[in-house]
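J.: Once you've had a glance at the structure underneath, I'll fire off some questions.
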Amino acid sequence: MNRILAIITATIILFAGCNGTQDNPAVTSTGGLGTEIVTGNGSYWSVTPVQLASVSRANYFLVCVDDPISTIIGNTTTDLFVKVEEIDQNLDKFPADKNRRIVVYCIVGNKSRPASEALVAAGYTLVTHLEGGTARWQQQGYPVANYTGTP
């Protein structure tokens with residue numbers, strides 16, 4: 001009996017430690033979606049395409065930080081196009097509510113990380129960057145579009 005109980009306990013512990021893949025949605029206790037990234041000024045979250053696709057588009061402000069912009073997330077409207085180095089000068093274009101979820105993306109994720117850090121430094125509390133950017137988004141079967149406008 002003790003052996004069976006030990007096996008069951010070990011199995012529960014094993015599965016608790018393996019609570020899914022990185023692509024499973026996970027909301028932290030602080031309200032972030034994905035994996036929390038701690039910076040010197042606070043935290044932002046790193047989200048996979050699957051996690052982002054699980055959130056209603058009405059629930060976040062979508063920002064593209066690519067320059068030049070070539071590929072954007074398809075079947076939705078990007079709320080703002082801004083260069084990473086110009087975020088501080090364009091904070092008036094971001095939501096006034098510092099607790100509004102903001103999702104930042106670029107082609108591969110290299111520009112969205114520093115953009116997320118800049119937004120956290122500006123006081124935003126629910127900043128999320130798309131891991132792998134539009135390249136990973138498209139690779140996982142989600143639609144993209146070619147950007148033809150002027151930011």
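Identifiers in this document derive from the order of the structure tokens: chains are assigned A, B, ..., residues are numbered from 1 separately in each chain, and ligands are numbered from 1 in order of occurrence.
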Give me the residues near stretch 112-123 of chain A as JSON, numbers by chain, where near means some atom within 7 Å (using only C-alpha atoms) and where sequence neighbours in that chain fewer than 5 positions away do not count.

T.: {"A": [41, 42, 43, 44, 65, 84, 98, 104, 105, 106, 128, 129]}

J.: Quick one: write out the picked residues with C-alpha atoms as a PDB file, in the first residue's frame?

T.:
ATOM      1  CA  ASN A  41      12.176  48.954 -13.536  1.00  0.00           C
ATOM      2  CA  GLY A  42       9.567  46.227 -13.036  1.00  0.00           C
ATOM      3  CA  SER A  43       8.285  43.343 -15.112  1.00  0.00           C
ATOM      4  CA  TYR A  44       6.894  42.558 -18.511  1.00  0.00           C
ATOM      5  CA  VAL A  65       8.097  48.416 -33.247  1.00  0.00           C
ATOM      6  CA  VAL A  84      11.880  51.467 -30.391  1.00  0.00           C
ATOM      7  CA  LYS A  98      -1.111  52.479 -17.341  1.00  0.00           C
ATOM      8  CA  VAL A 104       4.519  44.744 -28.474  1.00  0.00           C
ATOM      9  CA  TYR A 105       5.826  42.879 -31.506  1.00  0.00           C
ATOM     10  CA  CYS A 106       8.392  43.036 -34.280  1.00  0.00           C
ATOM     11  CA  THR A 128       3.750  41.825 -23.167  1.00  0.00           C
ATOM     12  CA  HIS A 129       6.205  41.068 -25.945  1.00  0.00           C
TER      13      HIS A 129
END

J.: Mind listing the alpha helix (DSSP H) residues of stretch 20-149 of chain A, per DSSP on the backbone, as a list in words?

T.: Pro49, Val50, Gln51, Leu52, Ala53, Ser112, Arg113, Pro114, Ala115, Ser116, Glu117, Ala118, Leu119, Val120, Ala121, Gly133, Thr134, Ala135, Arg136, Trp137, Gln138 and Gln139 of chain A

J.: At a cut-off of 7 Å, using only C-alpha atoms, what residues contact A:Pro49? Leave out same-chain residues fewer than 2 positions from it and give the result as a PyMOL selection string.

T.: chain A and resi 47+51-53+130+137

J.: Between A:Cys64, A:Tyr124, A:Glu36, A:Tyr142, which is the closest to A:Val50 once you count only C-alpha atoms?

T.: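 Among the listed residues, A:Tyr142 lies closest to A:Val50.
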
J.: Which residues are near stretch 72-75 of chain A? Cut-off 10 Å, only C-alpha atoms, ignore same chain within fewer than 4 positions. Put them as a list in words.

T.: Leu62, Val63, Cys64, Asp66, Tyr105, Cys106, Ile107, Gly133, Thr134, Ala135, Trp137, Gln138, Tyr142, Pro143, Val144, Ala145, Asn146, Tyr147 and Thr148 of chain A

J.: Restrict the selected residues to N, CA, C and O atoms and save them as a compact mmCIF listing (two decimals), in the first residue's frame.

T.:
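Here's the written file part28.txt:
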# COMPACT_ATOMS: atom_id res chain seq x y z
N LEU A 62 -2.24 46.89 -29.41
CA LEU A 62 -1.21 46.21 -30.20
C LEU A 62 -0.25 47.20 -30.84
O LEU A 62 -0.67 48.12 -31.54
N VAL A 63 1.06 47.01 -30.58
CA VAL A 63 2.08 47.94 -31.03
C VAL A 63 3.16 47.21 -31.84
O VAL A 63 3.73 46.23 -31.37
N CYS A 64 3.45 47.73 -33.03
CA CYS A 64 4.53 47.20 -33.86
C CYS A 64 5.73 48.14 -33.74
O CYS A 64 5.59 49.35 -33.92
N ASP A 66 8.79 47.57 -35.43
CA ASP A 66 9.76 47.32 -36.49
C ASP A 66 10.06 48.57 -37.29
O ASP A 66 9.22 49.43 -37.46
N TYR A 105 5.24 43.89 -30.64
CA TYR A 105 5.83 42.88 -31.51
C TYR A 105 6.71 43.50 -32.57
O TYR A 105 6.66 44.70 -32.83
N CYS A 106 7.54 42.66 -33.16
CA CYS A 106 8.39 43.04 -34.28
C CYS A 106 8.56 41.77 -35.14
O CYS A 106 7.80 40.83 -34.98
N ILE A 107 9.52 41.75 -36.01
CA ILE A 107 9.66 40.58 -36.89
C ILE A 107 10.14 39.34 -36.13
O ILE A 107 9.59 38.27 -36.30
N GLY A 133 8.26 37.15 -32.57
CA GLY A 133 7.63 38.12 -33.45
C GLY A 133 6.73 37.52 -34.52
O GLY A 133 6.19 36.43 -34.38
N THR A 134 6.58 38.28 -35.62
CA THR A 134 5.70 37.83 -36.69
C THR A 134 6.25 36.59 -37.39
O THR A 134 5.49 35.81 -37.96
N ALA A 135 7.57 36.38 -37.33
CA ALA A 135 8.15 35.18 -37.95
C ALA A 135 7.62 33.93 -37.26
O ALA A 135 7.16 32.99 -37.91
N TRP A 137 4.98 33.82 -35.25
CA TRP A 137 3.52 33.88 -35.39
C TRP A 137 3.10 33.16 -36.68
O TRP A 137 2.23 32.31 -36.69
N GLN A 138 3.76 33.51 -37.79
CA GLN A 138 3.45 32.90 -39.09
C GLN A 138 3.85 31.43 -39.12
O GLN A 138 3.11 30.59 -39.63
N TYR A 142 -0.43 31.25 -37.88
CA TYR A 142 -1.30 32.43 -37.74
C TYR A 142 -1.06 33.39 -38.89
O TYR A 142 0.04 33.46 -39.45
N PRO A 143 -2.08 34.17 -39.27
CA PRO A 143 -1.95 35.02 -40.45
C PRO A 143 -1.08 36.25 -40.24
O PRO A 143 -1.05 36.84 -39.16
N VAL A 144 -0.36 36.60 -41.27
CA VAL A 144 0.41 37.85 -41.32
C VAL A 144 -0.01 38.59 -42.57
O VAL A 144 -0.65 38.05 -43.46
N ALA A 145 0.38 39.86 -42.64
CA ALA A 145 0.09 40.67 -43.82
C ALA A 145 1.33 41.50 -44.13
O ALA A 145 2.13 41.79 -43.24
N ASN A 146 1.47 41.87 -45.36
CA ASN A 146 2.53 42.78 -45.75
C ASN A 146 2.08 44.18 -45.44
O ASN A 146 0.97 44.57 -45.79
N TYR A 147 2.93 44.93 -44.79
CA TYR A 147 2.58 46.30 -44.41
C TYR A 147 2.84 47.21 -45.60
O TYR A 147 3.92 47.21 -46.18
N THR A 148 1.85 47.99 -45.97
CA THR A 148 1.99 48.88 -47.12
C THR A 148 1.78 50.35 -46.76
O THR A 148 1.89 51.20 -47.62

J.: Once DSSP has gone over the backbone, tell me which residues of stretch 41-127 of chain A are in strand (DSSP E or B), as a ChimeraX atom specification.

T.: /A:42-47,61-64,71-73,80-81,102-105,127

J.: What does the structure give for the distance between atom CA of A:Thr71 and atom CA of A:Ser56, in Å to one decimal?

T.: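 That distance, rounded to one decimal, is 21.2 Å.
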
J.: Rank A:Phe61, A:Asp67, A:Thr78, A:Lys111 by their smallest atom-to-atom distance to A:Phe94, using only C-alpha atoms, and report the top residue only.

T.: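 Counting only C-alpha atoms, the residue closest to A:Phe94 is A:Phe61.
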